[in-house]
>>> print(open('protein-v1.csv').read())   # CSV, C-alpha atoms and all ligand atoms
chain,number,residue,atom,x,y,z
A,6,MET,CA,-1.6,10.4,-25.3
A,7,SER,CA,-2.8,11.8,-22.0
A,8,GLN,CA,-6.1,11.0,-20.5
A,9,HIS,CA,-7.6,10.7,-17.0
A,10,ILE,CA,-8.9,7.4,-15.7
A,11,ARG,CA,-11.0,6.5,-12.6
A,12,ALA,CA,-9.6,3.7,-10.6
A,13,ALA,CA,-11.0,1.2,-8.0
A,14,ILE,CA,-9.0,-0.9,-5.7
A,15,VAL,CA,-10.3,-4.2,-4.3
A,16,GLY,CA,-8.5,-5.6,-1.3
A,17,ALA,CA,-7.6,-2.1,-0.2
A,18,THR,CA,-7.3,-3.1,3.5
A,19,GLY,CA,-4.4,-5.4,2.6
A,20,TYR,CA,-0.7,-4.6,2.0
A,21,GLY,CA,-0.9,-4.7,-1.8
A,22,GLY,CA,-4.0,-2.6,-1.8
A,23,VAL,CA,-2.7,0.1,0.5
A,24,GLU,CA,0.5,0.3,-1.6
A,25,LEU,CA,-1.7,0.8,-4.7
A,26,ILE,CA,-3.4,3.7,-2.9
A,27,ARG,CA,0.0,5.3,-2.1
A,28,MET,CA,1.1,5.0,-5.8
A,29,LEU,CA,-2.2,6.1,-7.4
A,30,LEU,CA,-2.7,9.1,-5.0
A,31,THR,CA,0.1,10.9,-6.7
A,32,HIS,CA,-0.4,9.6,-10.2
A,33,PRO,CA,-1.2,12.6,-12.4
A,34,ASN,CA,-3.6,10.7,-14.7
A,35,VAL,CA,-5.5,8.7,-12.2
A,36,GLN,CA,-8.3,9.5,-9.7
A,37,ILE,CA,-9.2,6.9,-7.1
A,38,THR,CA,-13.0,6.7,-7.1
A,39,SER,CA,-13.7,3.5,-5.2
A,40,VAL,CA,-11.8,1.7,-2.5
A,41,VAL,CA,-13.4,-1.7,-1.9
A,42,SER,CA,-13.4,-4.1,1.1
A,43,SER,CA,-15.3,-7.3,1.6
A,44,SER,CA,-15.0,-7.0,5.4
A,45,SER,CA,-15.1,-3.3,6.2
A,46,ALA,CA,-17.5,-1.8,3.6
A,47,GLY,CA,-19.2,1.4,4.8
A,48,THR,CA,-16.3,2.4,7.1
A,49,PRO,CA,-13.9,5.2,6.4
A,50,LEU,CA,-10.5,4.2,5.0
A,51,ALA,CA,-8.7,5.8,8.0
A,52,GLU,CA,-10.3,3.2,10.2
A,53,SER,CA,-8.3,0.5,8.5
A,54,PHE,CA,-5.2,2.7,7.9
A,55,PRO,CA,-4.8,5.7,10.3
A,56,HIS,CA,-1.9,6.9,8.3
A,57,LEU,CA,-4.4,7.8,5.5
A,58,GLN,CA,-6.1,10.7,7.1
A,59,GLU,CA,-6.9,12.6,3.9
A,60,ILE,CA,-10.3,11.8,2.5
A,61,ILE,CA,-9.7,9.8,-0.6
A,62,VAL,CA,-13.2,8.3,-0.7
A,63,ASP,CA,-16.0,8.9,1.8
A,64,ARG,CA,-16.4,5.2,2.7
A,65,LEU,CA,-15.1,1.8,1.6
A,66,ASP,CA,-17.4,0.2,-1.0
A,67,ALA,CA,-18.6,-3.4,-1.0
A,68,VAL,CA,-17.6,-5.9,-3.6
A,69,ASP,CA,-20.5,-4.8,-5.9
A,70,VAL,CA,-19.5,-5.2,-9.5
A,71,PRO,CA,-22.2,-2.9,-11.1
A,72,LEU,CA,-21.3,-0.2,-8.5
A,73,ILE,CA,-17.6,-0.5,-9.2
A,74,ALA,CA,-18.2,-0.5,-13.0
A,75,ASP,CA,-20.3,2.6,-12.6
A,76,LYS,CA,-17.7,4.4,-10.5
A,77,ALA,CA,-14.4,3.3,-12.2
A,78,ASP,CA,-12.8,2.6,-15.6
A,79,VAL,CA,-10.0,0.3,-14.2
A,80,VAL,CA,-10.1,-2.0,-11.2
A,81,PHE,CA,-7.0,-3.3,-9.4
A,82,LEU,CA,-7.6,-6.7,-7.7
A,83,ALA,CA,-5.3,-7.1,-4.7
A,84,THR,CA,-7.1,-10.0,-3.2
A,85,PRO,CA,-6.1,-13.5,-2.0
A,86,HIS,CA,-5.8,-16.4,-4.4
A,87,GLY,CA,-9.2,-17.6,-5.7
A,88,VAL,CA,-11.1,-14.3,-5.4
A,89,SER,CA,-10.2,-12.9,-8.8
A,90,THR,CA,-11.2,-16.2,-10.3
A,91,GLU,CA,-14.7,-15.3,-9.2
A,92,ILE,CA,-14.9,-11.6,-9.7
A,93,ALA,CA,-12.5,-10.7,-12.6
A,94,PRO,CA,-14.7,-12.3,-15.3
A,95,LYS,CA,-17.7,-10.3,-14.0
A,96,MET,CA,-15.7,-7.1,-14.0
A,97,LEU,CA,-14.4,-7.8,-17.5
A,98,ASP,CA,-17.9,-8.5,-18.8
A,99,ALA,CA,-19.0,-5.2,-17.2
A,100,GLY,CA,-16.5,-3.4,-19.4
A,101,LEU,CA,-13.9,-2.6,-16.8
A,102,LYS,CA,-10.2,-2.8,-17.4
A,103,VAL,CA,-8.8,-5.2,-14.8
A,104,ILE,CA,-5.3,-5.5,-13.4
A,105,ASP,CA,-5.1,-8.6,-11.2
A,106,VAL,CA,-2.2,-8.7,-8.7
A,107,SER,CA,-3.0,-12.2,-7.5
A,108,GLY,CA,-1.8,-15.5,-9.0
A,109,ASP,CA,-5.1,-16.6,-10.4
A,110,PHE,CA,-4.5,-15.9,-14.1
A,111,ARG,CA,-0.7,-16.1,-14.4
A,112,LEU,CA,-0.3,-19.6,-15.5
A,113,LYS,CA,-1.6,-20.5,-18.9
A,114,SER,CA,-1.9,-24.2,-18.2
A,115,ALA,CA,-5.0,-25.1,-16.1
A,116,GLU,CA,-3.4,-28.4,-15.1
A,117,THR,CA,-0.2,-26.7,-13.8
A,118,HIS,CA,-2.3,-24.1,-12.0
A,119,GLU,CA,-4.3,-26.8,-10.2
A,120,ARG,CA,-1.1,-28.8,-9.3
A,121,TRP,CA,0.7,-25.8,-7.7
A,122,TYR,CA,-2.2,-23.7,-6.3
A,123,LYS,CA,-4.3,-26.7,-5.3
A,124,ARG,CA,-7.4,-25.1,-6.7
A,125,LYS,CA,-9.3,-25.0,-10.0
A,126,GLN,CA,-8.3,-22.2,-12.4
A,127,ALA,CA,-10.8,-19.8,-13.8
A,128,ASP,CA,-12.7,-20.3,-17.1
A,129,ALA,CA,-10.1,-20.8,-19.9
A,130,ALA,CA,-11.6,-18.0,-22.0
A,131,TYR,CA,-10.6,-15.5,-19.3
A,132,VAL,CA,-7.2,-17.1,-18.7
A,133,ASP,CA,-6.5,-16.7,-22.5
A,134,LYS,CA,-7.5,-13.1,-22.3
A,135,ALA,CA,-5.1,-12.3,-19.5
A,136,VAL,CA,-1.9,-10.6,-20.6
A,137,TYR,CA,1.0,-11.5,-18.4
A,138,GLY,CA,2.5,-8.2,-17.4
A,139,LEU,CA,6.2,-8.7,-16.8
A,140,ALA,CA,6.7,-5.2,-18.1
A,141,GLU,CA,10.4,-5.2,-19.2
A,142,VAL,CA,10.0,-8.6,-21.0
A,143,PHE,CA,6.4,-8.8,-22.3
A,144,GLY,CA,5.5,-5.1,-22.1
A,145,ASP,CA,4.8,-5.0,-25.9
A,146,ASP,CA,1.7,-7.2,-25.2
A,147,VAL,CA,0.2,-4.7,-22.8
A,148,PRO,CA,-0.9,-1.6,-24.8
A,149,GLY,CA,-4.6,-1.7,-25.4
A,150,ALA,CA,-5.1,-4.9,-23.3
A,151,GLN,CA,-8.3,-5.0,-21.2
A,152,PHE,CA,-6.9,-7.6,-18.7
A,153,ILE,CA,-3.5,-7.8,-17.1
A,154,SER,CA,-2.3,-10.5,-14.8
A,155,ASN,CA,0.5,-8.9,-12.8
A,156,PRO,CA,3.5,-11.1,-12.1
A,157,GLY,CA,4.3,-12.4,-8.6
A,158,CYS,CA,7.0,-10.9,-6.4
A,159,TYR,CA,9.5,-13.8,-6.6
A,160,PRO,CA,8.8,-14.3,-10.3
A,161,THR,CA,9.5,-10.6,-11.0
A,162,VAL,CA,12.9,-10.4,-9.2
A,163,THR,CA,14.0,-13.8,-10.5
A,164,SER,CA,12.8,-13.6,-14.1
A,165,LEU,CA,14.4,-10.1,-14.5
A,166,GLY,CA,17.6,-11.6,-13.3
A,167,LEU,CA,17.5,-14.5,-15.7
A,168,VAL,CA,15.7,-13.5,-18.9
A,169,PRO,CA,18.6,-11.8,-20.8
A,170,ILE,CA,21.0,-14.7,-20.4
A,171,VAL,CA,18.4,-17.4,-21.0
A,172,LYS,CA,17.2,-15.6,-24.1
A,173,ALA,CA,20.8,-15.3,-25.4
A,174,GLY,CA,21.3,-19.1,-24.9
A,175,TRP,CA,24.5,-18.6,-22.9
A,176,ILE,CA,23.6,-20.9,-20.0
A,177,ASP,CA,22.5,-24.5,-19.3
A,178,THR,CA,18.8,-24.2,-18.7
A,179,ASN,CA,18.6,-27.5,-16.8
A,180,SER,CA,20.8,-26.5,-13.9
A,181,ILE,CA,19.5,-23.1,-12.7
A,182,ILE,CA,19.4,-22.8,-8.9
A,183,VAL,CA,17.5,-19.9,-7.3
A,184,ASP,CA,17.9,-19.1,-3.6
A,185,ALA,CA,15.4,-16.3,-2.8
A,186,LYS,CA,14.6,-14.5,0.4
A,187,SER,CA,11.6,-12.3,1.2
A,188,GLY,CA,10.6,-9.9,3.9
A,189,VAL,CA,7.4,-10.7,5.8
A,190,SER,CA,5.1,-8.2,4.1
A,191,GLY,CA,5.2,-10.7,1.1
A,192,ALA,CA,2.9,-12.9,3.1
A,193,GLY,CA,0.2,-10.2,3.4
A,194,ARG,CA,-1.4,-8.5,6.3
A,195,GLY,CA,-3.3,-11.5,7.7
A,196,LEU,CA,-1.9,-13.2,10.7
A,197,GLY,CA,-0.2,-16.6,10.3
A,198,MET,CA,1.6,-19.0,12.5
A,199,THR,CA,4.9,-18.5,10.6
A,200,THR,CA,4.7,-14.8,10.2
A,201,HIS,CA,4.0,-13.4,13.7
A,202,TYR,CA,6.7,-11.5,15.5
A,203,SER,CA,8.2,-14.2,17.7
A,204,GLU,CA,8.3,-16.7,14.9
A,205,VAL,CA,10.1,-14.3,12.5
A,206,ASN,CA,12.3,-12.2,14.8
A,207,GLU,CA,15.9,-13.5,15.2
A,208,ASN,CA,14.9,-16.4,12.9
A,209,PHE,CA,15.6,-17.4,9.3
A,210,PHE,CA,14.0,-20.4,7.5
A,211,ALA,CA,13.2,-22.0,4.2
A,212,TYR,CA,9.6,-22.7,3.3
A,213,LYS,CA,7.6,-24.4,0.6
A,214,VAL,CA,10.8,-26.1,-0.5
A,215,ASN,CA,10.3,-27.5,-4.0
A,216,LYS,CA,6.6,-26.7,-3.7
A,217,HIS,CA,6.4,-22.9,-4.1
A,218,GLN,CA,3.6,-21.8,-6.4
A,219,HIS,CA,5.9,-19.3,-8.1
A,220,THR,CA,8.1,-22.1,-9.5
A,221,PRO,CA,5.9,-22.8,-12.6
A,222,GLU,CA,5.4,-19.1,-13.2
A,223,ILE,CA,9.1,-18.4,-13.5
A,224,GLU,CA,9.6,-21.6,-15.6
A,225,GLN,CA,6.7,-20.4,-17.9
A,226,THR,CA,8.5,-17.1,-18.5
A,227,LEU,CA,12.0,-18.7,-19.0
A,228,SER,CA,10.5,-21.3,-21.3
A,229,ARG,CA,8.8,-18.6,-23.3
A,230,VAL,CA,11.9,-16.6,-23.9
A,231,ALA,CA,14.2,-19.7,-24.4
A,232,GLY,CA,11.7,-21.3,-26.9
A,233,LYS,CA,12.1,-24.6,-25.0
A,234,ASP,CA,11.2,-26.1,-21.6
A,235,VAL,CA,13.2,-24.7,-18.7
A,236,VAL,CA,13.1,-26.1,-15.2
A,237,MET,CA,14.9,-24.8,-12.1
A,238,THR,CA,15.4,-25.5,-8.4
A,239,PHE,CA,13.7,-22.7,-6.4
A,240,THR,CA,14.0,-22.3,-2.7
A,241,THR,CA,12.3,-19.4,-0.8
A,242,HIS,CA,13.2,-18.1,2.7
A,243,LEU,CA,11.6,-15.7,5.1
A,244,VAL,CA,13.8,-12.9,6.5
A,245,PRO,CA,13.0,-10.8,9.6
A,246,MET,CA,12.5,-7.6,7.7
A,247,THR,CA,9.4,-5.9,6.4
A,248,ARG,CA,10.0,-5.3,2.7
A,249,GLY,CA,12.3,-6.6,0.0
A,250,ILE,CA,13.2,-9.7,-1.9
A,251,LEU,CA,16.8,-10.7,-2.8
A,252,SER,CA,17.2,-13.6,-5.2
A,253,THR,CA,20.6,-15.2,-5.5
A,254,ILE,CA,20.7,-17.2,-8.8
A,255,TYR,CA,23.4,-19.7,-9.8
A,256,VAL,CA,23.8,-20.7,-13.4
A,257,ARG,CA,26.3,-22.6,-15.5
A,258,PRO,CA,27.4,-20.8,-18.7
A,259,ILE,CA,27.8,-23.0,-21.8
A,260,VAL,CA,29.6,-20.4,-23.9
A,261,GLN,CA,32.8,-18.6,-23.1
A,262,ARG,CA,31.9,-15.0,-22.0
A,263,SER,CA,33.6,-12.6,-19.7
A,264,GLU,CA,31.7,-11.0,-16.8
A,265,ASP,CA,31.9,-7.7,-18.7
A,266,GLU,CA,30.3,-9.2,-21.7
A,267,ILE,CA,27.5,-10.6,-19.5
A,268,ARG,CA,26.9,-7.2,-17.9
A,269,GLU,CA,26.8,-5.6,-21.4
A,270,LEU,CA,24.2,-8.2,-22.5
A,271,TYR,CA,22.0,-7.2,-19.6
A,272,ARG,CA,22.6,-3.4,-20.3
A,273,GLN,CA,21.5,-3.9,-23.9
A,274,TYR,CA,18.5,-6.0,-23.1
A,275,TYR,CA,17.2,-3.5,-20.5
A,276,GLU,CA,18.2,-0.4,-22.5
A,277,GLY,CA,15.3,2.2,-22.4
A,278,ARG,CA,13.7,0.3,-19.4
A,279,PRO,CA,14.3,2.7,-16.6
A,280,PHE,CA,13.3,0.4,-13.7
A,281,VAL,CA,16.1,-2.1,-14.2
A,282,ARG,CA,19.5,-1.0,-13.0
A,283,ILE,CA,22.6,-3.0,-13.7
A,284,ARG,CA,25.4,-2.7,-11.1
A,285,GLU,CA,29.1,-2.2,-11.9
A,286,GLN,CA,31.7,-4.9,-11.5
A,287,GLY,CA,32.1,-6.0,-7.9
A,288,LYS,CA,28.9,-4.2,-6.7
A,289,TYR,CA,25.9,-6.2,-5.5
A,290,PRO,CA,22.5,-4.7,-4.8
A,291,ALA,CA,20.9,-4.8,-1.3
A,292,THR,CA,17.1,-4.6,-0.6
A,293,LYS,CA,17.4,-1.2,1.1
A,294,GLU,CA,18.7,0.2,-2.2
A,295,VAL,CA,15.3,-0.3,-3.8
A,296,TRP,CA,13.1,0.1,-0.7
A,297,GLY,CA,9.8,1.8,-1.6
A,298,SER,CA,10.8,2.1,-5.3
A,299,ASN,CA,9.9,0.4,-8.5
A,300,TYR,CA,13.5,-0.5,-9.3
A,301,CYS,CA,14.9,-4.0,-9.8
A,302,ASP,CA,18.7,-3.9,-9.3
A,303,ILE,CA,21.0,-6.7,-10.6
A,304,GLY,CA,24.7,-7.5,-10.0
A,305,PHE,CA,26.9,-10.4,-11.3
A,306,SER,CA,30.0,-12.4,-10.3
A,307,LEU,CA,31.5,-14.9,-12.7
A,308,ASP,CA,33.5,-17.4,-10.6
A,309,GLU,CA,36.6,-18.4,-12.7
A,310,ARG,CA,37.3,-21.3,-10.3
A,311,THR,CA,33.9,-23.1,-10.6
A,312,GLY,CA,32.8,-21.6,-13.9
A,313,LEU,CA,29.5,-20.7,-12.3
A,314,LEU,CA,27.8,-17.3,-12.7
A,315,THR,CA,26.1,-15.8,-9.6
A,316,ILE,CA,23.3,-13.2,-10.3
A,317,ILE,CA,21.9,-11.1,-7.5
A,318,SER,CA,18.6,-9.4,-8.1
A,319,VAL,CA,16.6,-7.3,-5.7
A,320,ILE,CA,13.2,-5.6,-5.6
A,321,ASP,CA,10.7,-4.2,-3.1
A,322,ASN,CA,8.1,-7.0,-3.1
A,323,LEU,CA,5.2,-4.5,-2.6
A,324,VAL,CA,6.3,-2.1,-5.3
A,325,LYS,CA,8.0,-3.7,-8.3
A,326,GLY,CA,6.7,-7.1,-7.0
A,327,ALA,CA,3.1,-5.9,-6.8
A,328,ALA,CA,1.6,-2.4,-6.8
A,329,GLY,CA,4.4,-0.5,-8.7
A,330,GLN,CA,4.4,-3.0,-11.5
A,331,ALA,CA,0.6,-2.9,-11.6
A,332,VAL,CA,0.8,0.9,-12.1
A,333,GLN,CA,3.6,0.4,-14.7
A,334,ASN,CA,1.2,-1.9,-16.5
A,335,LEU,CA,-1.6,0.6,-16.3
A,336,ASN,CA,0.7,3.2,-17.9
A,337,LEU,CA,1.7,0.8,-20.7
A,338,MET,CA,-2.0,-0.2,-21.2
A,339,MET,CA,-3.0,3.4,-21.5
A,340,GLY,CA,-0.1,4.4,-23.8
A,341,TRP,CA,1.4,6.7,-21.1
A,342,ASP,CA,5.1,6.9,-20.3
A,343,GLU,CA,5.8,3.8,-18.2
A,344,THR,CA,7.3,5.8,-15.3
A,345,THR,CA,4.3,8.1,-14.9
A,346,GLY,CA,3.5,8.4,-11.1
A,347,LEU,CA,6.3,5.9,-10.3
A,348,LYS,CA,9.5,8.1,-10.0
A,349,PHE,CA,10.1,7.2,-6.4
A,350,THR,CA,13.6,7.3,-5.1
A,351,PRO,CA,14.3,4.4,-2.7
A,352,ALA,CA,13.8,5.5,0.9
A,353,TYR,CA,17.3,5.1,2.6
A,354,PRO,CA,18.4,4.1,5.1
B,401,LIG,N1,2.3,-8.9,-0.4
B,401,LIG,C1,3.1,-9.0,-1.5
B,401,LIG,O1,4.3,-8.7,-1.5
B,401,LIG,C2,2.5,-9.5,-2.8
B,401,LIG,C3,1.2,-10.0,-2.9
B,401,LIG,N2,0.7,-10.4,-4.1
B,401,LIG,C4,-0.6,-11.0,-4.2
B,401,LIG,O2,-1.5,-9.9,-4.1
B,401,LIG,C5,-2.7,-10.3,-3.4
B,401,LIG,C6,-2.9,-9.4,-2.2
B,401,LIG,O3,-1.8,-9.7,-1.3
B,401,LIG,P1,-1.6,-8.8,0.0
B,401,LIG,O4,-2.1,-7.5,-0.1
B,401,LIG,O5,-0.3,-9.1,0.5
B,401,LIG,O6,-2.7,-9.6,1.0
B,401,LIG,P2,-3.4,-9.1,2.3
B,401,LIG,O7,-3.8,-10.3,3.0
B,401,LIG,O8,-2.6,-8.1,2.9
B,401,LIG,O9,-4.7,-8.4,1.7
B,401,LIG,C7,-5.7,-9.0,0.9
B,401,LIG,C8,-7.0,-8.3,1.1
B,401,LIG,O10,-8.0,-8.9,0.3
B,401,LIG,C9,-9.2,-8.7,0.8
B,401,LIG,N3,-10.1,-9.8,0.7
B,401,LIG,C10,-10.1,-11.0,1.3
B,401,LIG,N4,-11.1,-11.8,0.9
B,401,LIG,C11,-11.8,-11.1,-0.1
B,401,LIG,C12,-12.9,-11.4,-0.9
B,401,LIG,N5,-13.5,-12.6,-0.8
B,401,LIG,N6,-13.3,-10.5,-1.7
B,401,LIG,C13,-12.7,-9.3,-1.8
B,401,LIG,N7,-11.6,-8.9,-1.1
B,401,LIG,C14,-11.2,-9.8,-0.2
B,401,LIG,C15,-9.0,-8.4,2.3
B,401,LIG,O11,-9.6,-7.1,2.6
B,401,LIG,P3,-11.1,-7.0,3.1
B,401,LIG,O12,-11.2,-8.0,4.2
B,401,LIG,O13,-11.1,-5.5,3.5
B,401,LIG,O14,-11.9,-7.3,1.9
B,401,LIG,C16,-7.5,-8.3,2.5
B,401,LIG,O15,-7.2,-7.1,3.1
B,401,LIG,C17,-2.5,-11.8,-3.1
B,401,LIG,O16,-3.1,-12.5,-4.1
B,401,LIG,C18,-1.0,-11.9,-3.1
B,401,LIG,O17,-0.7,-13.2,-3.3
B,401,LIG,C19,1.5,-10.4,-5.2
B,401,LIG,C20,2.8,-9.9,-5.2
B,401,LIG,C21,3.4,-9.4,-4.0
B,402,LIG,C1,6.8,-14.1,2.3
B,402,LIG,C2,5.7,-14.9,1.6
B,402,LIG,O1,5.0,-15.7,2.3
B,402,LIG,N1,5.5,-14.6,0.4
B,402,LIG,C3,4.4,-15.2,-0.4
B,402,LIG,C4,4.3,-14.5,-1.6
B,402,LIG,C5,2.9,-14.7,-2.1
B,402,LIG,C6,2.5,-13.9,-3.2
B,402,LIG,O2,3.0,-12.8,-3.5
B,402,LIG,O3,1.5,-14.4,-3.8
B,402,LIG,P1,1.3,-14.6,-5.3
B,402,LIG,O4,1.3,-16.0,-5.6
B,402,LIG,O5,0.0,-14.0,-5.6
B,402,LIG,O6,2.4,-13.8,-6.0
B,402,LIG,C7,4.7,-16.7,-0.6
B,402,LIG,O7,5.9,-17.1,-0.6
B,402,LIG,O8,3.7,-17.4,-0.9
>>> encode(input="protein-v1.csv", output="structure tokens")
Amino acid sequence: MSQHIRAAIVGATGYGGVELIRMLLTHPNVQITSVVSSSSAGTPLAESFPHLQEIIVDRLDAVDVPLIADKADVVFLATPHGVSTEIAPKMLDAGLKVIDVSGDFRLKSAETHERWYKRKQADAAYVDKAVYGLAEVFGDDVPGAQFISNPGCYPTVTSLGLVPIVKAGWIDTNSIIVDAKSGVSGAGRGLGMTTHYSEVNENFFAYKVNKHQHTPEIEQTLSRVAGKDVVMTFTTHLVPMTRGILSTIYVRPIVQRSEDEIRELYRQYYEGRPFVRIREQGKYPATKEVWGSNYCDIGFSLDERTGLLTIISVIDNLVKGAAGQAVQNLNLMMGWDETTGLKFTPAYP
């Protein structure tokens, strides 16, 4: 099925939003008809982003739901936590398809959401309506959906690294340890005490230890595929680079399997899913090998001495971790090939 669709992007002056503009500009089935800003409405886009000199839209629109519903068929929300809670229900009621890149609708339990995000979740009717769009795992839920909740960056890279082996029941699901590192663009474009140059340059630190809001999101996915409660230890770190997340995952196998058999399990699970690439024996992915692309690359090492399996998974946080997966979900929603408009080769070096 091929069909054109008009798209609006809210939060377009931020990193997720501008990455959506980059992806959608070359998408053959999409026309960007509204670019929305709460702080710069009425100004040209090039004022926020001088690298976007071509006229995509005349001026940035305000957050005006009837106007957006008039101009677009689908709206992408690349807004800070809490904003989608307010505006997504109105947009859905106005008949728009909504793809929310924020964390507002990812967790199905209101109590868990409040505990980890420290704010009240949206109306349960809308949370129920939101389809969690981890494309390679739950992509079958997406076609025909009106409302997609796009996974977080750490949850995407970590869940894709764990789902096949958790689903197979080959590991102890009570002793998973995830050691994840992100580039600074993961924190968005806004200035913050821990993200400005002199704090980040020549520095490396853990943050939100045992308190990261993505912990319950990953556990929700793993519990869903395992059919039982899964918990894990999850530590995030900030790395002095712009893009990329690398997740190092340690698990304890409970069945005797060789590294080759584990690799084959992953190959079979991701067969026909072009954005997950499994590395050969002894090869471990680096963030630059997916930079600017929608790929998630995964490598393995089974340590015969300790019996532990190390899984290394990488993505570009702004692409597979945000805008790219959002476009992948649009493709699945619309019944288009999931790679449409997303065949970016990583920029290297
Ligand atoms: N950065 C990343 O790697 C990832 C980010 N995400 C999530 O995506 C969302 C966007 O992140 P990111 O692009 O990094 O953040 P940024 O801070 O870079 O951008 C957010 C944008 O939201 C807009 N905004 C702020 N308040 C409002 C409001 N009340 N109504 C409408 N728009 C508003 C701002 O634009 P303006 O002032 O022009 O309105 C701002 O530019 C967040 O929820 C984030 O958690 C998810 C996965 C990865
Ligand atoms: C480096 C950095 O600070 N990253 C952010 C990722 C936030 C994000 O992507 O937010 P969602 O919860 O909407 O997915 C963090 O760790 O909170």
>>> residues_near_ligand(input="protein-v1.csv", ligand="ligand LIG 401 (chain B)", cutoff="7 Å", atoms="all atoms listed in the file", output="VMD selection string")
chain A and resid 15 to 22 41 to 45 68 83 to 86 88 106 to 108 157 to 158 190 to 195 322 to 323 326 to 327
>>> residues_near_point(input="protein-v1.csv", point="(16.4, 1.0, -3.5)", cutoff="8 Å", atoms="all atoms listed in the file", output="ChimeraX atom specification")
/A:291-298,300,302,320-321,350-353
>>> residues_around(input="protein-v1.csv", residues="segment 279-285 of chain A", least_positions_apart="2", cutoff="6 Å", atoms="all atoms listed in the file", output="JSON, numbers by chain")
{"A": [277, 288, 300, 301, 302, 303, 304]}
>>> write_last_selection(input="protein-v1.csv", atoms="C-alpha atoms", output="short mmCIF file (atom, residue, chain, number, x, y, z; two decimals), in the coordinates of the input")
data_model
loop_
_atom_site.label_atom_id
_atom_site.label_comp_id
_atom_site.auth_asym_id
_atom_site.auth_seq_id
_atom_site.Cartn_x
_atom_site.Cartn_y
_atom_site.Cartn_z
CA GLY A 277 15.30 2.20 -22.40
CA LYS A 288 28.90 -4.20 -6.70
CA TYR A 300 13.50 -0.50 -9.30
CA CYS A 301 14.90 -4.00 -9.80
CA ASP A 302 18.70 -3.90 -9.30
CA ILE A 303 21.00 -6.70 -10.60
CA GLY A 304 24.70 -7.50 -10.00
#
>>> residues_around(input="protein-v1.csv", residues="Gln218 of chain A", least_positions_apart="6", cutoff="9 Å", atoms="only C-alpha atoms", output="list in words")
Gly108, His118, Arg120, Trp121 and Tyr122 of chain A
>>> closest_residue(input="protein-v1.csv", among="A:Ser187, A:Gln273, A:Thr344, A:Gln286", to="ligand LIG 402 (chain B)", atoms="all atoms listed in the file")
A:Ser187
>>> atom_distance(input="protein-v1.csv", atom1="atom CA of Glu207 of chain A", atom2="atom CA of Arg248 of chain A")
16.1 Å
>>> closest_residue(input="protein-v1.csv", among="A:Glu343, A:Asp146, A:Asp98, A:Glu91", to="Ala127 of chain A", atoms="only C-alpha atoms")
A:Glu91
>>> atom_distance(input="protein-v1.csv", atom1="atom CA of Leu50 of chain A", atom2="atom CA of Asp66 of chain A")
10.0 Å
>>> closest_residue(input="protein-v1.csv", among="A:Val168, A:Leu30, A:Ile181, A:Val324", to="ligand LIG 402 (chain B)", atoms="only C-alpha atoms and all ligand atoms")
A:Val324
>>> closest_residue(input="protein-v1.csv", among="A:Phe349, A:Tyr212, A:Phe81, A:Tyr131", to="ligand LIG 402 (chain B)", atoms="only C-alpha atoms and all ligand atoms")
A:Tyr212
>>> atom_distance(input="protein-v1.csv", atom1="atom CA of Asp265 of chain A", atom2="atom CA of Leu167 of chain A")
16.2 Å
>>> residues_around(input="protein-v1.csv", residues="Asp78 of chain A", least_positions_apart="6", cutoff="10 Å", atoms="all atoms listed in the file", output="ChimeraX atom specification")
/A:9-13,38,100-103
>>> closest_residue(input="protein-v1.csv", among="A:Ala93, A:Leu347, A:Leu335, A:Ile259", to="Gly149 of chain A", atoms="only C-alpha atoms")
A:Leu335
>>> closest_residue(input="protein-v1.csv", among="A:Met338, A:Leu25, A:Val235, A:Ala211", to="ligand LIG 402 (chain B)", atoms="all atoms listed in the file")
A:Ala211
>>> residues_around(input="protein-v1.csv", residues="Leu314 of chain A", least_positions_apart="6", cutoff="6 Å", atoms="all atoms listed in the file", output="ChimeraX atom specification")
/A:255-256,306-307
>>> write_last_selection(input="protein-v1.csv", atoms="C-alpha atoms", output="compact mmCIF listing (two decimals), keeping the file's coordinate frame")
# COMPACT_ATOMS: atom_id res chain seq x y z
CA TYR A 255 23.40 -19.70 -9.80
CA VAL A 256 23.80 -20.70 -13.40
CA SER A 306 30.00 -12.40 -10.30
CA LEU A 307 31.50 -14.90 -12.70
>>> residues_around(input="protein-v1.csv", residues="Arg229 of chain A", least_positions_apart="5", cutoff="12 Å", atoms="only C-alpha atoms", output="PDB file with C-alpha atoms, in the coordinates of the input")
ATOM      1  CA  LYS A 113      -1.600 -20.500 -18.900  1.00  0.00           C
ATOM      2  CA  TYR A 137       1.000 -11.500 -18.400  1.00  0.00           C
ATOM      3  CA  VAL A 142      10.000  -8.600 -21.000  1.00  0.00           C
ATOM      4  CA  PHE A 143       6.400  -8.800 -22.300  1.00  0.00           C
ATOM      5  CA  SER A 164      12.800 -13.600 -14.100  1.00  0.00           C
ATOM      6  CA  VAL A 168      15.700 -13.500 -18.900  1.00  0.00           C
ATOM      7  CA  VAL A 171      18.400 -17.400 -21.000  1.00  0.00           C
ATOM      8  CA  LYS A 172      17.200 -15.600 -24.100  1.00  0.00           C
ATOM      9  CA  PRO A 221       5.900 -22.800 -12.600  1.00  0.00           C
ATOM     10  CA  GLU A 222       5.400 -19.100 -13.200  1.00  0.00           C
ATOM     11  CA  ILE A 223       9.100 -18.400 -13.500  1.00  0.00           C
ATOM     12  CA  GLU A 224       9.600 -21.600 -15.600  1.00  0.00           C
ATOM     13  CA  ASP A 234      11.200 -26.100 -21.600  1.00  0.00           C
ATOM     14  CA  VAL A 235      13.200 -24.700 -18.700  1.00  0.00           C
ATOM     15  CA  VAL A 236      13.100 -26.100 -15.200  1.00  0.00           C
TER      16      VAL A 236
END
